[in-house]
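**Q** Starting off with a structure, shown below.
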Amino acid sequence: MKGLIMAGGEGTRLRPLTCGKPKPMIDVMGKPVMEYIIELMKNAGISDIAVTLMYMPHIITEYFGDGKRFGVNLTYFVEQTPLGTAGSVKNAEAFLDEPFIIVSGDCLTDIDLNAAMDFHKNKNAEATLVLTSVRNPLEYGIVVTDDSGRIVRFLEKPSWSEVFSDTANTGIYVLNPSVLDRIPPHEQYDFSKDLYPKMLSDDAALYGYVAKGYWCDIGDIAAYRRCHFDILDQKVNVNTNAVSKDRIMTGENTVIEPNTLITPPCYIGSGAVIRSGAKILPYSVIGENCRISEGASVKKSVMQRNIYIGKSAQVRGSILADGAYLGAHSTVLENSVVGEKTHIGEMCEIRNNIKIWPEKNIENETTVSANLIWGDNFSRRLFGDNGVTGEINVDVTPEFATRMGASFGASNKNSKLSISGGGGALDMIRSALISGMLSSGVRVFDLGTVTLPVSRRAIPFYGLDGGIHISLYEGGNETRLSITFLDKKGIDISRDAERKIEGLFMREDFMRCEPSEIQKVTTLYDYNLYYMREILNEINAKLKMNICIEGNNKAAELISELGATVSPTGGKGTITAIIDDHAERLVLVDELGRTISGEKYSALASYIAIKSGSKTVAAPLSGSAAIDAIANKLGASVVRCKTGKACMMSCMQEHNPVQFRLMYDAVYALAKICSVLSAEGVMLSDLTSEIPEIHIVEKEVLCETGKKGSVIRSIATKYGKNGEKIELEEGVKIINDKGWVLVIPHGEKPICRVISEGKNEEFANELCDIYIKEVEKLSE
């Protein structure tokens with residue numbers, strides 16, 4: 001069997017470590033990581049190896065040559081244009097005339113390749129994906145197999161709510177040459193996104209082999225650091241060419257002077273010099289030919305080759321690239337990365353989470369508190385459930401907002417974007433966001449201090465490509481800022497769009513425009529009038545009812561103009577409408593004093609939307625079955641969607657725009673509901689009585705982030721065998737004769753949400769508690 005190493009990656013998420021070199025050439029304890037893969041293949045009896053290349057191929061070919069000095073034969077295939085993972089292998093088709101195994105050149109693994117190849121042969125498979133269990137499946141493709149190992153489902157890089165297994169695709173594949181016939185030539189074509197889904201739909205012999213052993217995809221800075229620590233902990237079986245004694249690994253010709261402190265586990269590479277009084281503390285990796293001066297200390301850090309650490313300098317939890325220089329009495333603090341050949345002077349401080357690009361010169365006594373020119377993708381996630389939130393001038397500073405605006409502009413090149421909201425302290429953040437957007441070259445349209453629903457309508461009205469809305473909201477005992485990002489339809493941007501902005505923000509890898517390309521801000525302050533007139537034109541009816549409105553003056557103006565009597569206080573015979581700070585959410589109190597909010601309001605909105613002419617309504621997977629009952633009664637259907645706000649908005653916009661406005665535009669919703677009541681000659685209390693009783697319970701349970709995938713998989717497996725209906729669209733939903741329960745991993749916190757609905761409150765709580773205990777047991 002032949003081998004193939006995919007080595008075309010640039011490694012943008014590993015910058016600044018990979019600047020000027022392809023990712024497979026990144027150093028791991030004195031060797032390029034690709035060298036470990038060649039050794040793995042050689043030990044498995046594979047000597048004929050193809051290597052696919054694209055980014056800076058000469059660096060790889062010059063180092064490895066024809067492979068003879070590594071005991072193998074290497075043949076290179078260079079992509080002239082990006083062909084994707086499968087397309088790059090298709091490019092090597094002439095070489096692959098027998099079954100072959102593919103390994104990514106930027107992973108570290110000791111997986112038994114012979115066992116994978118035997119599995120492939122025994123199953124008579126056309127393609128075998130080597131799988132492994134991972135603690136955090138978000139960055140990998142998830143794969144589910146049946147009892148025979150045949151693949152039945154997979155999902156590429158899911159969110160936590162979509163996780164249904166912790167079995168991930170390692171990118172190691174055993175393929176028959178016939179697979180290459182399925183790949184179109186000279187086209188960009190991927191294994192996970194294109195080839196394997198097509199093979200699955202064709203019912204091809206597609207198998208998954210769950211491998212034992214170690215595997216680490218060195219895809220980012222955290223993984224790079226972790227794989228070194230795993231070698232020190234002997235979690236992976238690789239040959240570093242170092243001698244290990246008492247968990248202290250040393251290369252050839254090392255010099256360790258007297259009165260030094262060396263604490264295991266640690267690695268000291270060939271030719272390194274540790275001067276008297278220096279401290280090499282646990283989980284330190286000192287690369288080849290490094291110099292650690294008197295009194296200096298290194299802890300939980302990775303240092304590549306030819307690095308100088310000056311007297312009494314300290315490195316804590318960081319990474320220093322080839323040729324870096326750290327002056328005397330300087331400090332590099334946790335989670336920082338110092339690029340190749342960067343010179344840091346004496347008595348400097350590099351603060352936490354700083355990324356310094358290669359060949360920078362930092363003068364003496366300088367404190368570096370921001371990334372220098374270029375950054376890398378940290379683990380921090382900017383977006384939460386409600387956009388970007390935080391405390392003004394603490395979490396969200398003008399500098400942060402400028403960078404946020406520039407990132408949004410860079411993700412929407414040559415576009416027209418709006419800005420809305422503001423007032424008081426918000427104006428400072430608003431100005432910073434505008435500056436950032438302008439710096440990226442986009443056109444900015446200022447809608448003024450309108451509400452969020454008005455901004456949502458204005459964006460498509462003016463033909464804009466998206467926008468930002470800022471507002472304040474009460475979060476616990478403090479007032480916090482909320483930044484909402486909108487797409488061209490006026491709905492919240494998708495998670496994919498959020499990831500793109502996060503990547504740009506963290507890496508800062510976007511170009512500022514030329515000064516001549518910066519345009520003036522266009523003001524569009526009159527849309528409020530269009531918004532109000534649009535609603536009046538649509539309703540076009542006289543409302544004969546008493547309404548008390550709390551929280552929005554414009555709603556009172558609108559309802560008065562439609563003929564209703566606006567009362568200062570609620571009471572018997574009066575409808576009370578409560579509108580939230582964003583003018584998105586509406587809570588009603590009917591004439592009998594019954595509150596309509598949450599799921600009950602969603603059911604009412606579905607009723608009004610169907611009555612307005614549509615035969616389809618949308619509801620999240622966590623939505624009440626009452627919506628289905630209402631739809632059935634009115635001859636309509638329900639489309640279920642994921643529970644995320646952007647997903648719900650998109651689904652409603654597609655299937656029922658009126659329902660979208662009823663759910664996310666409180667002023668419009670109030671007018672629309674009142675018009676339906678008037679047209680049908682009924683009271684709100686009559687409709688309230690028509691809505692079935694809803695008993696939904698939602699609770700949270702602690703679940704370690706690394707165990708979420710296995711918890712969801714175990715629940716789905718256990719209860720699926722009990723004959724209960726299982727849905728895996730988002731988390732796992734179990735439906736039985738008592739009701740349903742939905743278990744969803746939280747996207748940010750180490751918890752799972754457990755949502756249940758029953759025929760009564762007792763059944764709902766019983767279902768919820770059963771699955772909370774199940775999650776607790778499985779996550780122990």
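Letters A, B, ... go to the chains of the structure tokens in the order shown; residues in each chain start at 1; ligands are counted from 1 in the same order.
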Which residues are near segment 657-669 of chain A? Cut-off 9 Å, only C-alpha atoms, ignore same chain within fewer than 2 positions. Put them as a PyMOL selection string.
**A** chain A and resi 452-454+532+535+552+554-556+558-559+578-580+582-587+601-602+605-606+608-610+612+614+617-618+648-655+671-674
**Q** For segment 638-645 of chain A, work out the shell of residues within 8 Å, counting only C-alpha atoms and skipping chain neighbours fewer than 2 positions away, then give it as a ChimeraX atom specification.
**A** /A:385,492,616-622,627-628,631,636,647-649,651,729-730
**Q** Find the residues around Met347 of chain A up to 12 Å (only C-alpha atoms counted), leave out those fewer than 3 positions away in its own chain, and share them as a list of chain:residue names.
**A**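 Contacts, with the query itself left out: A:Gly310, A:Lys311, A:Ser312, A:Ala313, A:Gln314, A:Leu326, A:Gly327, A:Ala328, A:His329, A:Ser330, A:Thr331, A:Val332, A:Ile344, A:Ile350, A:Ile362, A:Glu363, A:Asn364, A:Glu365, A:Thr366, A:Thr367, A:Val368.
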**Q** Between atom CA of Thr75 of chain A and atom CA of Arg182 of chain A, what is the spacing in Å?
**A** 23.0 Å
**Q** Give me, as a compact mmCIF listing (two decimals) with all heavy atoms, in the first residue's frame, the residues of segment 671-704 of chain A that a backbone DSSP run labels helix (DSSP H, G or I).
**A**
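states-v5.txt, freshly written:
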# COMPACT_ATOMS: atom_id res chain seq x y z
N ALA A 671 -50.12 46.66 16.58
CA ALA A 671 -51.09 47.15 15.60
C ALA A 671 -51.72 46.00 14.83
O ALA A 671 -52.94 45.99 14.59
CB ALA A 671 -50.39 48.11 14.63
N LYS A 672 -50.93 44.99 14.45
CA LYS A 672 -51.44 43.87 13.67
C LYS A 672 -52.44 43.04 14.48
O LYS A 672 -53.51 42.65 13.98
CB LYS A 672 -50.28 42.99 13.21
CG LYS A 672 -50.67 41.90 12.21
CD LYS A 672 -51.06 42.49 10.88
CE LYS A 672 -51.33 41.43 9.84
NZ LYS A 672 -51.77 42.00 8.56
N ILE A 673 -52.08 42.74 15.72
CA ILE A 673 -52.96 41.95 16.56
C ILE A 673 -54.28 42.68 16.79
O ILE A 673 -55.37 42.09 16.69
CB ILE A 673 -52.28 41.61 17.90
CG1 ILE A 673 -51.10 40.63 17.66
CG2 ILE A 673 -53.27 41.01 18.90
CD1 ILE A 673 -50.20 40.45 18.86
N CYS A 674 -54.21 43.98 17.06
CA CYS A 674 -55.44 44.76 17.28
C CYS A 674 -56.31 44.80 16.03
O CYS A 674 -57.54 44.74 16.10
CB CYS A 674 -55.08 46.18 17.72
SG CYS A 674 -54.39 46.26 19.39
N SER A 675 -55.66 44.85 14.84
CA SER A 675 -56.44 44.90 13.60
C SER A 675 -57.18 43.58 13.36
O SER A 675 -58.31 43.58 12.88
CB SER A 675 -55.52 45.23 12.41
OG SER A 675 -54.67 44.14 12.10
N VAL A 676 -56.52 42.44 13.69
CA VAL A 676 -57.18 41.14 13.53
C VAL A 676 -58.35 41.02 14.52
O VAL A 676 -59.43 40.52 14.18
CB VAL A 676 -56.17 39.99 13.72
CG1 VAL A 676 -56.87 38.64 13.77
CG2 VAL A 676 -55.15 39.99 12.59
N LEU A 677 -58.17 41.49 15.75
CA LEU A 677 -59.25 41.47 16.72
C LEU A 677 -60.45 42.28 16.22
O LEU A 677 -61.60 41.85 16.32
CB LEU A 677 -58.76 42.03 18.07
CG LEU A 677 -57.69 41.23 18.81
CD1 LEU A 677 -57.26 41.97 20.07
CD2 LEU A 677 -58.18 39.83 19.16
N SER A 678 -60.16 43.46 15.66
CA SER A 678 -61.24 44.31 15.16
C SER A 678 -61.92 43.67 13.96
O SER A 678 -63.15 43.68 13.86
CB SER A 678 -60.68 45.68 14.76
OG SER A 678 -60.26 46.40 15.90
N ALA A 679 -61.13 43.11 13.05
CA ALA A 679 -61.70 42.52 11.84
C ALA A 679 -62.59 41.33 12.15
O ALA A 679 -63.62 41.11 11.51
CB ALA A 679 -60.58 42.09 10.89
N GLU A 680 -62.22 40.54 13.18
CA GLU A 680 -63.00 39.36 13.52
C GLU A 680 -64.06 39.64 14.58
O GLU A 680 -64.86 38.76 14.91
CB GLU A 680 -62.08 38.24 13.99
CG GLU A 680 -61.12 37.78 12.89
CD GLU A 680 -60.43 36.47 13.24
OE1 GLU A 680 -60.65 35.94 14.34
OE2 GLU A 680 -59.68 35.97 12.37
N LEU A 684 -59.33 40.10 22.84
CA LEU A 684 -58.07 39.37 23.04
C LEU A 684 -58.28 38.19 23.99
O LEU A 684 -57.69 37.12 23.80
CB LEU A 684 -56.98 40.30 23.59
CG LEU A 684 -55.62 39.68 23.85
CD1 LEU A 684 -55.04 39.07 22.59
CD2 LEU A 684 -54.66 40.72 24.44
N SER A 685 -59.12 38.36 24.98
CA SER A 685 -59.39 37.27 25.93
C SER A 685 -60.02 36.07 25.23
O SER A 685 -59.82 34.92 25.66
CB SER A 685 -60.29 37.76 27.06
OG SER A 685 -61.47 38.33 26.54
N ASP A 686 -60.78 36.31 24.15
CA ASP A 686 -61.34 35.18 23.39
C ASP A 686 -60.24 34.36 22.74
O ASP A 686 -60.28 33.12 22.76
CB ASP A 686 -62.31 35.71 22.31
CG ASP A 686 -63.52 36.41 22.90
OD1 ASP A 686 -63.95 36.02 24.00
OD2 ASP A 686 -64.02 37.35 22.27
N LEU A 687 -59.26 35.05 22.15
CA LEU A 687 -58.14 34.33 21.53
C LEU A 687 -57.29 33.63 22.58
O LEU A 687 -56.80 32.52 22.37
CB LEU A 687 -57.26 35.29 20.72
CG LEU A 687 -57.89 35.91 19.48
CD1 LEU A 687 -56.82 36.67 18.70
CD2 LEU A 687 -58.54 34.87 18.60
N THR A 688 -57.11 34.29 23.72
CA THR A 688 -56.33 33.68 24.79
C THR A 688 -56.94 32.35 25.22
O THR A 688 -56.23 31.37 25.47
CB THR A 688 -56.26 34.63 26.01
OG1 THR A 688 -55.79 35.90 25.59
CG2 THR A 688 -55.33 34.08 27.07
N SER A 689 -58.25 32.30 25.26
CA SER A 689 -58.94 31.07 25.66
C SER A 689 -58.78 29.96 24.63
O SER A 689 -58.88 28.77 24.97
CB SER A 689 -60.43 31.36 25.89
OG SER A 689 -60.61 32.33 26.91
N GLU A 690 -58.53 30.34 23.37
CA GLU A 690 -58.39 29.35 22.30
C GLU A 690 -57.02 28.68 22.30
O GLU A 690 -56.84 27.61 21.72
CB GLU A 690 -58.62 30.02 20.93
CG GLU A 690 -60.05 30.42 20.66
CD GLU A 690 -60.97 29.22 20.51
OE1 GLU A 690 -60.57 28.25 19.83
OE2 GLU A 690 -62.05 29.22 21.11
**Q** Excluding segment 3-5 of chain A and its own-chain neighbours fewer than 3 positions away, which residues fall within 8 Å of it when counting only C-alpha atoms? Please give them as a list in words.
**A**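 Listed by chain and then number, they are Ile37, Met41, Ile46, Ser47, Asp48, Ile49, Ala50, Val51, Thr52, Phe100, Ile101, Ile102, Val103, Ser104 and Gly105 of chain A.
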**Q** Generate the output file for the selected residues, all heavy atoms, as a short mmCIF file (atom, residue, chain, number, x, y, z; two decimals), in the first residue's frame.
**A**
data_model
loop_
_atom_site.label_atom_id
_atom_site.label_comp_id
_atom_site.auth_asym_id
_atom_site.auth_seq_id
_atom_site.Cartn_x
_atom_site.Cartn_y
_atom_site.Cartn_z
N ILE A 37 5.27 12.25 10.59
CA ILE A 37 4.32 11.51 9.76
C ILE A 37 5.07 10.55 8.83
O ILE A 37 4.65 9.41 8.62
CB ILE A 37 3.44 12.47 8.95
CG1 ILE A 37 2.66 13.40 9.89
CG2 ILE A 37 2.48 11.72 8.04
CD1 ILE A 37 1.80 12.66 10.90
N MET A 41 4.62 6.46 8.74
CA MET A 41 4.37 5.66 7.55
C MET A 41 5.47 4.62 7.33
O MET A 41 5.19 3.46 7.01
CB MET A 41 4.24 6.56 6.32
CG MET A 41 2.94 7.35 6.27
SD MET A 41 2.74 8.20 4.69
CE MET A 41 1.01 8.71 4.81
N ILE A 46 5.30 1.48 4.86
CA ILE A 46 4.99 2.25 3.65
C ILE A 46 6.24 3.03 3.26
O ILE A 46 6.72 3.88 4.02
CB ILE A 46 3.81 3.22 3.90
CG1 ILE A 46 2.57 2.43 4.31
CG2 ILE A 46 3.54 4.08 2.68
CD1 ILE A 46 1.44 3.30 4.83
N SER A 47 6.75 2.76 2.07
CA SER A 47 7.99 3.43 1.64
C SER A 47 7.78 4.34 0.45
O SER A 47 8.59 5.26 0.22
CB SER A 47 9.07 2.39 1.30
OG SER A 47 8.59 1.50 0.29
N ASP A 48 6.73 4.12 -0.34
CA ASP A 48 6.44 4.97 -1.50
C ASP A 48 5.36 5.97 -1.10
O ASP A 48 4.20 5.61 -0.88
CB ASP A 48 5.97 4.15 -2.69
CG ASP A 48 7.09 3.27 -3.24
OD1 ASP A 48 8.25 3.73 -3.23
OD2 ASP A 48 6.81 2.13 -3.65
N ILE A 49 5.75 7.24 -1.02
CA ILE A 49 4.86 8.27 -0.45
C ILE A 49 4.76 9.45 -1.41
O ILE A 49 5.78 9.99 -1.87
CB ILE A 49 5.38 8.76 0.91
CG1 ILE A 49 5.52 7.58 1.89
CG2 ILE A 49 4.47 9.83 1.48
CD1 ILE A 49 6.21 7.95 3.20
N ALA A 50 3.53 9.83 -1.71
CA ALA A 50 3.28 11.07 -2.47
C ALA A 50 3.06 12.21 -1.48
O ALA A 50 2.54 12.01 -0.38
CB ALA A 50 2.05 10.91 -3.36
N VAL A 51 3.47 13.41 -1.88
CA VAL A 51 3.28 14.60 -1.04
C VAL A 51 2.60 15.67 -1.89
O VAL A 51 3.14 16.06 -2.94
CB VAL A 51 4.61 15.13 -0.48
CG1 VAL A 51 4.36 16.33 0.44
CG2 VAL A 51 5.37 14.03 0.26
N THR A 52 1.41 16.13 -1.47
CA THR A 52 0.73 17.19 -2.20
C THR A 52 1.12 18.53 -1.58
O THR A 52 1.10 18.70 -0.36
CB THR A 52 -0.80 17.03 -2.15
OG1 THR A 52 -1.24 17.09 -0.80
CG2 THR A 52 -1.20 15.69 -2.76
N PHE A 100 -4.35 3.20 -0.98
CA PHE A 100 -3.38 4.10 -0.36
C PHE A 100 -3.98 4.72 0.89
O PHE A 100 -5.20 4.78 1.06
CB PHE A 100 -2.94 5.19 -1.34
CG PHE A 100 -4.05 6.01 -1.91
CD1 PHE A 100 -4.40 7.25 -1.36
CD2 PHE A 100 -4.78 5.56 -3.02
CE1 PHE A 100 -5.43 8.01 -1.89
CE2 PHE A 100 -5.81 6.32 -3.55
CZ PHE A 100 -6.14 7.56 -2.99
N ILE A 101 -3.10 5.19 1.78
CA ILE A 101 -3.53 5.84 3.02
C ILE A 101 -3.06 7.29 3.01
O ILE A 101 -1.93 7.59 2.60
CB ILE A 101 -3.01 5.09 4.26
CG1 ILE A 101 -3.63 5.65 5.54
CG2 ILE A 101 -1.49 5.09 4.34
CD1 ILE A 101 -3.48 4.75 6.76
N ILE A 102 -3.96 8.18 3.42
CA ILE A 102 -3.69 9.62 3.44
C ILE A 102 -3.56 10.07 4.89
O ILE A 102 -4.38 9.72 5.74
CB ILE A 102 -4.83 10.40 2.77
CG1 ILE A 102 -4.98 9.99 1.30
CG2 ILE A 102 -4.61 11.89 2.87
CD1 ILE A 102 -6.20 10.60 0.62
N VAL A 103 -2.53 10.87 5.15
CA VAL A 103 -2.37 11.49 6.47
C VAL A 103 -2.04 12.96 6.25
O VAL A 103 -1.25 13.31 5.38
CB VAL A 103 -1.25 10.80 7.30
CG1 VAL A 103 -1.16 11.43 8.68
CG2 VAL A 103 -1.48 9.31 7.41
N SER A 104 -2.66 13.81 7.05
CA SER A 104 -2.36 15.24 6.97
C SER A 104 -0.96 15.50 7.50
O SER A 104 -0.54 14.93 8.51
CB SER A 104 -3.39 16.03 7.78
OG SER A 104 -3.03 17.39 7.84
N GLY A 105 -0.24 16.37 6.82
CA GLY A 105 1.13 16.67 7.21
C GLY A 105 1.26 17.60 8.39
O GLY A 105 2.38 17.93 8.80
#
**Q** Go through A:Glu340, A:Glu538, A:Asp581, A:Glu10 and flag the residue nearest Leu562 of chain A, using only C-alpha atoms for the distances.
**A**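 Among the listed residues, the smallest separation from Leu562 of chain A belongs to A:Glu538.
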**Q** Give me, as number ranges by chain, the residues of segment 644-709 of chain A that a backbone DSSP run labels strand (DSSP E or B).
**A** A: 696-702
**Q** Between atom CA of Asn91 of chain A and atom CA of Leu155 of chain A, what is the distance, to one decimal in Å?
**A**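 Those two atoms sit 25.9 Å apart.
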**Q** Pick out the residues sitting within 9 Å of Pro692 of chain A, and hand them over as a PyMOL selection string; count only C-alpha atoms, and ignore anything fewer than 5 positions along from it in its own chain.
**A** chain A and resi 600+603+626-627+629-630
**Q** Just give me the gap between atom CA of Ser455 of chain A and atom CA of Ser420 of chain A in Å, one decimal is fine.
**A** 6.7 Å
**Q** Between A:Asn632, A:Gly421, A:Leu200, A:Ala577, which residue has the minimum interatomic distance to Gly551 of chain A, considering only C-alpha atoms?
**A**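 Comparing A:Asn632, A:Gly421, A:Leu200, A:Ala577 against Gly551 of chain A, the winner is A:Ala577.
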**Q** Which of these, A:Ser133, A:Thr145, A:Thr61, A:Asn114, has the shortest distance to Asp166 of chain A once you count only C-alpha atoms?
**A**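 Closest residue, counting only C-alpha atoms: A:Ser133.
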**Q** What's around segment 400-415 of chain A at 9 Å? Count only C-alpha atoms, leave out sequence neighbours fewer than 5 positions away in its own chain, and write the answer as a PyMOL selection string.
**A** chain A and resi 395+429-444+464-468+485+497+500-505+508+510-512
**Q** With only C-alpha atoms as the counted atoms, please give the residues lying no more than 7 Å from Met54 of chain A, apart from itself and same-chain residues fewer than 6 positions off, as a ChimeraX atom specification.
**A** /A:8,78-80
**Q** Mind writing the picked residues with all heavy atoms as a PDB file, in the first residue's frame?
**A**
ATOM      1  N   GLY A   8      -0.128  20.935   1.894  1.00  0.00           N
ATOM      2  CA  GLY A   8      -0.279  22.206   1.191  1.00  0.00           C
ATOM      3  C   GLY A   8      -0.700  23.360   2.052  1.00  0.00           C
ATOM      4  O   GLY A   8      -0.862  24.483   1.575  1.00  0.00           O
ATOM      5  N   VAL A  78       2.451  19.364  -7.017  1.00  0.00           N
ATOM      6  CA  VAL A  78       2.218  20.761  -6.623  1.00  0.00           C
ATOM      7  C   VAL A  78       0.953  21.290  -7.284  1.00  0.00           C
ATOM      8  O   VAL A  78       0.768  21.171  -8.497  1.00  0.00           O
ATOM      9  CB  VAL A  78       3.425  21.640  -7.004  1.00  0.00           C
ATOM     10  CG1 VAL A  78       3.187  23.086  -6.574  1.00  0.00           C
ATOM     11  CG2 VAL A  78       4.702  21.094  -6.360  1.00  0.00           C
ATOM     12  N   GLU A  79       0.073  21.877  -6.478  1.00  0.00           N
ATOM     13  CA  GLU A  79      -1.133  22.527  -7.004  1.00  0.00           C
ATOM     14  C   GLU A  79      -0.769  23.925  -7.497  1.00  0.00           C
ATOM     15  O   GLU A  79      -0.197  24.720  -6.747  1.00  0.00           O
ATOM     16  CB  GLU A  79      -2.190  22.661  -5.910  1.00  0.00           C
ATOM     17  CG  GLU A  79      -2.676  21.376  -5.307  1.00  0.00           C
ATOM     18  CD  GLU A  79      -3.591  21.631  -4.116  1.00  0.00           C
ATOM     19  OE1 GLU A  79      -4.585  22.368  -4.267  1.00  0.00           O
ATOM     20  OE2 GLU A  79      -3.300  21.107  -3.024  1.00  0.00           O
ATOM     21  N   GLN A  80      -1.144  24.217  -8.722  1.00  0.00           N
ATOM     22  CA  GLN A  80      -0.917  25.569  -9.245  1.00  0.00           C
ATOM     23  C   GLN A  80      -2.021  26.515  -8.812  1.00  0.00           C
ATOM     24  O   GLN A  80      -1.814  27.714  -8.656  1.00  0.00           O
ATOM     25  CB  GLN A  80      -0.812  25.524 -10.774  1.00  0.00           C
ATOM     26  CG  GLN A  80       0.305  24.631 -11.282  1.00  0.00           C
ATOM     27  CD  GLN A  80       1.668  25.004 -10.719  1.00  0.00           C
ATOM     28  OE1 GLN A  80       2.014  26.185 -10.599  1.00  0.00           O
ATOM     29  NE2 GLN A  80       2.457  23.990 -10.356  1.00  0.00           N
TER      30      GLN A  80
END
